[in-house]
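Following: one structure in structure tokens, then a few remarks.
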Amino acid sequence: MTGPTTSRRRLALALGLTVAVALFLAFVPLHRHWFDLNVYYEAVGHWLRDGRIYDFTIPGADGADYGFTYPPFAALCMLPMTLFTWPAAITLSMVLNVAASATLLTWLIGPIVQRHGWNKWFAFVVASCLFVLLEPVRDTFSFGQVNLLLLVLVFFDAWLLSTGRGRFAGYGIGLAAAIKLTPAIFICYLLITRRWRAAATATGTAVAATLLALAVAPGASRVYWTEALWDTDRIGVLSYVSNQSWEGVLARLVDPVPPSGVVWGLGVLAVLAVWTHRVRCAAAVGDERAGFALTGIAACLISPITWVHHLVWLIPALAVLVDSGLRPDASPARRKLLLRVGAVVYVLLCSSVVWLWRFDSTGVDGFLGSNAYVWICLGLLIALPLRGARSAEMLSQEPYPARIP
């Protein structure tokens, strides 16, 4: 795990790895041509011209028409895009996603690098190359998506809570929830772990942002909260293989019949029950990173639609899994098992394996393969390792000290 021992060898390996990854990204993965960014860009422009935003749609590759599905506050945040040309908007999206990626990697691998005494720049280069190979990350850049930015907002609060600055936490989660509803589950996490002040701050921030959008754009707010929010057809085709949520599994099983709302609801309740138990266990040992990672996993499972690029919410869980496998206080057998599991999960998340069943997800192989990322989510939700009592005692040497509510 230490890698090259000299600066020259580190530089040679870093350059070789960077070139190999760049060539792979340039020629191998399917490029999405900034489709989602185009939806944002055109929808906001349509809003300024015609005063309506939720009736604008663009046809997608799966035959569905895609429009602006986020709350009005997200539209307000995206208004500055209208000041840019389309090439400039693409550049801005790339720059923001690069900045978000660098921030996340600093938070996720910084403690690991510090604990093991690795060379910082070399570890960051290697981690960055591994990071961009993940399919959710590739698609986030290629679609021009915003989930990495939301991840930064949410995990900024995780960082505050983990470093004893909890009195300032909640604003990031609140803003993320106002931009896109899915991160609102992190407010529930704050409530379950009894972070009352942070939960109140997050709720107040989300409500204030929503009321601001209501004051600025009352028409768009009315349409969204009374019509667009409840129109699931505008989000996409539930059975499309890119939908790696619990409802996506059900939709592919019964396609072309709509999935049962009762069965979906029971599955969601089961996921929430397991998630509640596991985040309480994480809070009991002060494992803030695992608690937030488990919440991101649960969000992917219970959301009606979780496109592959939404699975960037699994990255913190992958970091926790690898970190646990590198801890010296674990037994050699456990460390080997965790690192092997982490490697398998990583390879699967890079492989785009679910697309092998894009046109036919029937049969046992279709059931298992087309839902591969869902099985990863369920496995991580149930078995993501938490810090034990001995690990909690070691946290005083890390920038993530234990905090038992």
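By order in the structure tokens, chains are A, B, ...; within a chain, residues start at 1; ligands start at 1, following the order shown.
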Within 12 Å of stretch 98-121 of chain A, which residues of stretch 294-318 of chain A come that close, and what is the closest atom pair and distance in Å for each? Count only C-alpha atoms and give it as JSON lines.
```
{"residue": "A:Val312", "atom": "CA", "partner": "A:Ser101", "partner_atom": "CA", "distance": 10.4}
{"residue": "A:Trp313", "atom": "CA", "partner": "A:Leu104", "partner_atom": "CA", "distance": 11.2}
{"residue": "A:Ile315", "atom": "CA", "partner": "A:Leu108", "partner_atom": "CA", "distance": 9.0}
{"residue": "A:Pro316", "atom": "CA", "partner": "A:Leu108", "partner_atom": "CA", "distance": 7.0}
{"residue": "A:Ala317", "atom": "CA", "partner": "A:Leu108", "partner_atom": "CA", "distance": 9.9}
{"residue": "A:Leu318", "atom": "CA", "partner": "A:Leu108", "partner_atom": "CA", "distance": 9.8}
```
message: Applying 12 Å and only C-alpha atoms, which residues near A:Leu321 remain after dropping the ones on its own chain fewer than 4 positions away? List them as number ranges by chain.
response: A: 108-109, 112, 289-290, 293-294, 314-317, 325-327, 334-346, 379-381, 383-387
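Computed from the coordinates, the atom CA of A:Val39 to atom CA of A:Gly67 distance equals 6.4 Å.
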> Which of stretch 229-287 of chain A counts as alpha helix (DSSP H) under DSSP, as a ChimeraX atom specification please?
Replying inline: /A:246-254,261-284
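For the pair atom CA of A:Pro256 and atom CA of A:Pro59, the interatomic distance is 20.1 Å.
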- Message: Env of A:Trp246: 8 Å cut, atoms = only C-alpha atoms, seq-sep filter 2 positions within chain, self excluded. Answer as an NGL selection string.
- Response: :A and (244 or 248-250 or 264 or 267-268 or 301-304 or 374)
Any chance you could export the current selection's N, CA and C atoms as a PDB file, in the first residue's frame?
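The result, stored in out.pdb:
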```pdb
ATOM      1  N   GLN A 244     -31.585   2.747 -10.762  1.00  0.00           N
ATOM      2  CA  GLN A 244     -31.069   1.762  -9.812  1.00  0.00           C
ATOM      3  C   GLN A 244     -31.594   2.036  -8.403  1.00  0.00           C
ATOM      4  N   GLY A 248     -37.101   0.914  -9.225  1.00  0.00           N
ATOM      5  CA  GLY A 248     -36.600   0.467 -10.511  1.00  0.00           C
ATOM      6  C   GLY A 248     -36.583  -1.048 -10.620  1.00  0.00           C
ATOM      7  N   VAL A 249     -36.220  -1.726  -9.519  1.00  0.00           N
ATOM      8  CA  VAL A 249     -36.252  -3.191  -9.486  1.00  0.00           C
ATOM      9  C   VAL A 249     -37.669  -3.691  -9.731  1.00  0.00           C
ATOM     10  N   LEU A 250     -38.628  -3.126  -9.017  1.00  0.00           N
ATOM     11  CA  LEU A 250     -40.027  -3.549  -9.182  1.00  0.00           C
ATOM     12  C   LEU A 250     -40.531  -3.268 -10.590  1.00  0.00           C
ATOM     13  N   TRP A 264     -43.880  -1.252  -3.147  1.00  0.00           N
ATOM     14  CA  TRP A 264     -42.810  -0.258  -3.063  1.00  0.00           C
ATOM     15  C   TRP A 264     -42.763   0.379  -1.674  1.00  0.00           C
ATOM     16  N   GLY A 267     -41.273  -1.951   0.908  1.00  0.00           N
ATOM     17  CA  GLY A 267     -39.824  -2.015   0.749  1.00  0.00           C
ATOM     18  C   GLY A 267     -39.134  -0.784   1.298  1.00  0.00           C
ATOM     19  N   VAL A 268     -39.717   0.380   1.062  1.00  0.00           N
ATOM     20  CA  VAL A 268     -39.152   1.630   1.578  1.00  0.00           C
ATOM     21  C   VAL A 268     -39.132   1.613   3.109  1.00  0.00           C
ATOM     22  N   LEU A 301     -31.801   4.207  -2.406  1.00  0.00           N
ATOM     23  CA  LEU A 301     -32.733   3.078  -2.451  1.00  0.00           C
ATOM     24  C   LEU A 301     -34.191   3.525  -2.432  1.00  0.00           C
ATOM     25  N   ILE A 302     -34.529   4.509  -1.618  1.00  0.00           N
ATOM     26  CA  ILE A 302     -35.937   4.852  -1.434  1.00  0.00           C
ATOM     27  C   ILE A 302     -36.440   5.860  -2.457  1.00  0.00           C
ATOM     28  N   SER A 303     -35.548   6.558  -3.147  1.00  0.00           N
ATOM     29  CA  SER A 303     -35.987   7.497  -4.162  1.00  0.00           C
ATOM     30  C   SER A 303     -36.690   6.744  -5.291  1.00  0.00           C
ATOM     31  N   PRO A 304     -37.818   7.250  -5.802  1.00  0.00           N
ATOM     32  CA  PRO A 304     -38.496   6.551  -6.904  1.00  0.00           C
ATOM     33  C   PRO A 304     -37.597   6.335  -8.113  1.00  0.00           C
ATOM     34  N   VAL A 374     -28.224  -1.842  -7.269  1.00  0.00           N
ATOM     35  CA  VAL A 374     -29.168  -1.909  -6.145  1.00  0.00           C
ATOM     36  C   VAL A 374     -28.669  -2.915  -5.118  1.00  0.00           C
TER      37      VAL A 374
END
```
Spatial neighbours of A:Pro4, 12 Å, only C-alpha atoms, chain gap at least 3 places, as a PyMOL selection string: chain A and resi 1+7-14+118-119+122-123+126
Give me the residues within 9 Å of stretch 130-139 of chain A as a PyMOL selection string, counting only C-alpha atoms and dropping any in the same chain fewer than 5 places off. chain A and resi 21+24-25+29-32+101+105+125+144-145+148+307-313+315+346-352
Between A:Gly170, A:Gly369, A:Pro71, A:Gly261, smallest distance to A:Leu153 by only C-alpha atoms belongs to A:Gly170
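Taking only C-alpha atoms into account, A:Thr276 lies nearest to A:Leu191 out of the set A:Ala199, A:Leu191, A:Ile305, A:Ala228.
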